[in-house]
Amino acid sequence: MVEIVQATRRHPLQAGQLDVASVSVTLADNATRVSLRAKADAVPALSRALGVTLPMKPKTSASNGGRAALWLGPDEWLIIDDADSAVVADLAKAKVLNSAVDISHRNVGIIVAGKGAAAVVNGGCPQDLSLKTFPVGAASRTVLGKIEIVLWRTGEDAFRVECWRSFANYAYAFLQESARDVAI
């Protein structure tokens with residue numbers, strides 16, 4: 001005997017927060033975001049100015065309080081801090097060559113948290129998100145469906161998805177739909 005389960009479909013752009021039994025998909029609080037580029041010899045001075053040691057290994061991050069630095073490449077980091085942060089001014093105090101661009105209004109953060117968070121993100125992201133391969137603190141530039149994202153594991157069952165504002169509706173709807181699929 002086959003049991004047919006009827007799932008309720010919602011419009012993919014329907015506004016609101018999704019909170020199912022195993023996972024929640026919510027908008028992150030507004031934040032200051034800086035795209036930081038610098039050569040290795042500038043890293044110690046920039047780390048002192050930030051109060052966070054810039055990570056030098058792939059897929060890593062470092063944080064101090066609300067400020068986090070995510071490694072994106074050999075000379076590139078995404079700095080995320082509280083909305084009222086003075087991170088750009090802090091970086092200006094380091095008298096070393098660097099490029100610090102405030103991208104706060106370009107990006108949107110989405111939080112995926114709960115027991116099924118990895119399965120929700122894996123609904124559109126091909127990375128292995130097992131704790132062994134992508135541990136807490138891991139960060140990388142990757143894809144979600146058809147868009148580029150920065151993915152940061154903030155807890156065993158929590159991720160922060162950073163995407164460009166122009167793709168925010170797509171990413172949010174994609175993650176909500178994936179969460180509904182995980183809940184079924």
# chains A, B, ... in the order shown; residues from 1 in each chain; ligands from 1
call {"tool": "select_by_dssp", "arguments": {"residues": "stretch 90-122 of chain A", "states": "strand (DSSP E or B)", "output": "JSON, numbers by chain"}}
result
{"A": [99, 100, 101, 102, 107, 108, 109, 110, 111, 112, 113]}
call {"tool": "residues_around", "arguments": {"residues": "A:Asp81", "least_positions_apart": "2", "cutoff": "8 Å", "atoms": "only C-alpha atoms", "output": "list in words"}}
result
Ala31, Thr32, Arg33, Gly66, Arg67, Ala68, Ile79, Ala83, Ser85 and Val87 of chain A
call {"tool": "closest_residue", "arguments": {"among": "A:Val23, A:Val108, A:Val96, A:Ala42", "to": "A:Val150", "atoms": "only C-alpha atoms"}}
result
A:Val108
call {"tool": "select_by_dssp", "arguments": {"residues": "stretch 14-110 of chain A", "states": "alpha helix (DSSP H)", "output": "MDAnalysis selection string"}}
result
chainID A and resid 43:50 87:92
call {"tool": "atom_distance", "arguments": {"atom1": "atom CA of A:Gln127", "atom2": "atom CA of A:Lys59"}}
result
11.7 Å
call {"tool": "residues_around", "arguments": {"residues": "A:Ala49", "least_positions_apart": "6", "cutoff": "9 Å", "atoms": "only C-alpha atoms", "output": "list of chain:residue names"}}
result
A:Val87, A:Asp90, A:Leu91, A:Ala92, A:Lys93, A:Ala94
call {"tool": "atom_distance", "arguments": {"atom1": "atom CA of A:Ala117", "atom2": "atom CA of A:Ser22"}}
result
7.9 Å
call {"tool": "residues_around", "arguments": {"residues": "A:Ser99", "least_positions_apart": "3", "cutoff": "7 Å", "atoms": "only C-alpha atoms", "output": "PyMOL selection string"}}
result
chain A and resi 36-38
call {"tool": "write_last_selection", "arguments": {"atoms": "N, CA and C atoms", "output": "PDB file, in the first residue's frame"}}
result
ATOM      1  N   LEU A  36      38.403  42.658   1.704  1.00  0.00           N
ATOM      2  CA  LEU A  36      39.783  43.035   2.012  1.00  0.00           C
ATOM      3  C   LEU A  36      40.745  42.242   1.139  1.00  0.00           C
ATOM      4  N   ARG A  37      41.644  42.945   0.472  1.00  0.00           N
ATOM      5  CA  ARG A  37      42.693  42.307  -0.331  1.00  0.00           C
ATOM      6  C   ARG A  37      44.030  42.854   0.155  1.00  0.00           C
ATOM      7  N   ALA A  38      45.001  41.957   0.331  1.00  0.00           N
ATOM      8  CA  ALA A  38      46.335  42.378   0.771  1.00  0.00           C
ATOM      9  C   ALA A  38      47.325  41.239   0.563  1.00  0.00           C
TER      10      ALA A  38
END
call {"tool": "closest_residue", "arguments": {"among": "A:Ala28, A:Leu129, A:Leu46, A:Met56", "to": "A:Leu72", "atoms": "only C-alpha atoms"}}
result
A:Met56
call {"tool": "residues_around", "arguments": {"residues": "A:Ser178", "least_positions_apart": "2", "cutoff": "9 Å", "atoms": "only C-alpha atoms", "output": "PyMOL selection string"}}
result
chain A and resi 119-124+173-176+180-183
call {"tool": "residues_around", "arguments": {"residues": "A:Asp75", "least_positions_apart": "2", "cutoff": "12 Å", "atoms": "only C-alpha atoms", "output": "list in words"}}
result
Ser35, Leu36, Arg37, Ala38, Lys39, Ala40, Asp41, Ala42, Val43, Leu54, Pro55, Met56, Lys57, Pro58, Leu70, Trp71, Leu72, Gly73, Trp77, Leu78, Leu97, Asn98, Ser99 and Ala100 of chain A
call {"tool": "write_last_selection", "arguments": {"atoms": "C-alpha atoms", "output": "PDB file, in the first residue's frame"}}
result
ATOM      1  CA  SER A  35      36.129  42.993   0.958  1.00  0.00           C
ATOM      2  CA  LEU A  36      39.783  43.035   2.012  1.00  0.00           C
ATOM      3  CA  ARG A  37      42.693  42.307  -0.331  1.00  0.00           C
ATOM      4  CA  ALA A  38      46.335  42.378   0.771  1.00  0.00           C
ATOM      5  CA  LYS A  39      49.633  40.602   0.309  1.00  0.00           C
ATOM      6  CA  ALA A  40      51.004  38.282   2.991  1.00  0.00           C
ATOM      7  CA  ASP A  41      53.474  40.850   4.349  1.00  0.00           C
ATOM      8  CA  ALA A  42      50.565  43.174   5.269  1.00  0.00           C
ATOM      9  CA  VAL A  43      48.610  40.522   7.200  1.00  0.00           C
ATOM     10  CA  LEU A  54      43.389  37.050   9.423  1.00  0.00           C
ATOM     11  CA  PRO A  55      43.213  33.347   8.548  1.00  0.00           C
ATOM     12  CA  MET A  56      45.803  32.141   6.036  1.00  0.00           C
ATOM     13  CA  LYS A  57      44.487  28.642   5.271  1.00  0.00           C
ATOM     14  CA  PRO A  58      41.723  27.795   2.783  1.00  0.00           C
ATOM     15  CA  LEU A  70      36.587  34.683   6.327  1.00  0.00           C
ATOM     16  CA  TRP A  71      39.391  33.429   4.065  1.00  0.00           C
ATOM     17  CA  LEU A  72      38.285  33.599   0.414  1.00  0.00           C
ATOM     18  CA  GLY A  73      41.625  33.347  -1.360  1.00  0.00           C
ATOM     19  CA  TRP A  77      39.043  38.014   3.035  1.00  0.00           C
ATOM     20  CA  LEU A  78      35.444  38.914   3.744  1.00  0.00           C
ATOM     21  CA  LEU A  97      49.206  48.482   1.307  1.00  0.00           C
ATOM     22  CA  ASN A  98      45.722  46.966   1.124  1.00  0.00           C
ATOM     23  CA  SER A  99      42.376  47.338  -0.570  1.00  0.00           C
ATOM     24  CA  ALA A 100      39.429  47.589   1.815  1.00  0.00           C
TER      25      ALA A 100
END
call {"tool": "decode", "arguments": {"residues": "stretch 61-77 of chain A", "atoms": "N, CA, C and O atoms", "output": "JSON list (two decimals), in the first residue's frame"}}
result
[["chain", "number", "residue", "atom", "x", "y", "z"],
["A", 61, "SER", "N", 38.15, 30.61, 9.05],
["A", 61, "SER", "CA", 37.71, 31.93, 9.50],
["A", 61, "SER", "C", 38.27, 32.16, 10.89],
["A", 61, "SER", "O", 38.75, 31.23, 11.54],
["A", 62, "ALA", "N", 38.21, 33.40, 11.30],
["A", 62, "ALA", "CA", 38.61, 33.77, 12.66],
["A", 62, "ALA", "C", 37.66, 34.85, 13.12],
["A", 62, "ALA", "O", 37.16, 35.64, 12.31],
["A", 63, "SER", "N", 37.39, 34.89, 14.42],
["A", 63, "SER", "CA", 36.48, 35.92, 14.92],
["A", 63, "SER", "C", 36.89, 36.39, 16.30],
["A", 63, "SER", "O", 37.61, 35.70, 17.03],
["A", 64, "ASN", "N", 36.43, 37.58, 16.62],
["A", 64, "ASN", "CA", 36.64, 38.18, 17.92],
["A", 64, "ASN", "C", 35.43, 39.06, 18.18],
["A", 64, "ASN", "O", 35.22, 40.05, 17.50],
["A", 65, "GLY", "N", 34.61, 38.65, 19.15],
["A", 65, "GLY", "CA", 33.36, 39.37, 19.39],
["A", 65, "GLY", "C", 32.45, 39.22, 18.19],
["A", 65, "GLY", "O", 32.28, 38.13, 17.65],
["A", 66, "GLY", "N", 31.92, 40.32, 17.70],
["A", 66, "GLY", "CA", 31.04, 40.28, 16.53],
["A", 66, "GLY", "C", 31.76, 40.38, 15.21],
["A", 66, "GLY", "O", 31.15, 40.33, 14.15],
["A", 67, "ARG", "N", 33.07, 40.56, 15.24],
["A", 67, "ARG", "CA", 33.86, 40.73, 14.02],
["A", 67, "ARG", "C", 34.44, 39.39, 13.57],
["A", 67, "ARG", "O", 35.05, 38.68, 14.36],
["A", 68, "ALA", "N", 34.27, 39.08, 12.28],
["A", 68, "ALA", "CA", 34.79, 37.82, 11.73],
["A", 68, "ALA", "C", 35.52, 38.10, 10.43],
["A", 68, "ALA", "O", 35.16, 39.00, 9.68],
["A", 69, "ALA", "N", 36.55, 37.31, 10.18],
["A", 69, "ALA", "CA", 37.31, 37.37, 8.94],
["A", 69, "ALA", "C", 37.24, 35.99, 8.29],
["A", 69, "ALA", "O", 37.63, 35.00, 8.90],
["A", 70, "LEU", "N", 36.74, 35.93, 7.07],
["A", 70, "LEU", "CA", 36.59, 34.68, 6.33],
["A", 70, "LEU", "C", 37.60, 34.65, 5.19],
["A", 70, "LEU", "O", 37.66, 35.59, 4.40],
["A", 71, "TRP", "N", 38.40, 33.59, 5.13],
["A", 71, "TRP", "CA", 39.39, 33.43, 4.06],
["A", 71, "TRP", "C", 38.66, 33.09, 2.77],
["A", 71, "TRP", "O", 37.91, 32.12, 2.71],
["A", 72, "LEU", "N", 38.89, 33.88, 1.71],
["A", 72, "LEU", "CA", 38.29, 33.60, 0.41],
["A", 72, "LEU", "C", 39.31, 33.28, -0.66],
["A", 72, "LEU", "O", 38.97, 32.76, -1.71],
["A", 73, "GLY", "N", 40.56, 33.60, -0.40],
["A", 73, "GLY", "CA", 41.63, 33.35, -1.36],
["A", 73, "GLY", "C", 42.96, 33.71, -0.74],
["A", 73, "GLY", "O", 43.00, 34.25, 0.37],
["A", 74, "PRO", "N", 44.05, 33.43, -1.43],
["A", 74, "PRO", "CA", 45.38, 33.68, -0.86],
["A", 74, "PRO", "C", 45.62, 35.12, -0.42],
["A", 74, "PRO", "O", 46.43, 35.37, 0.45],
["A", 75, "ASP", "N", 44.89, 36.06, -1.01],
["A", 75, "ASP", "CA", 45.07, 37.46, -0.62],
["A", 75, "ASP", "C", 43.72, 38.16, -0.44],
["A", 75, "ASP", "O", 43.61, 39.36, -0.58],
["A", 76, "GLU", "N", 42.67, 37.38, -0.08],
["A", 76, "GLU", "CA", 41.32, 37.95, -0.01],
["A", 76, "GLU", "C", 40.55, 37.42, 1.20],
["A", 76, "GLU", "O", 40.54, 36.22, 1.46],
["A", 77, "TRP", "N", 39.87, 38.35, 1.88],
["A", 77, "TRP", "CA", 39.04, 38.01, 3.03],
["A", 77, "TRP", "C", 37.74, 38.79, 2.96],
["A", 77, "TRP", "O", 37.70, 39.91, 2.44]]
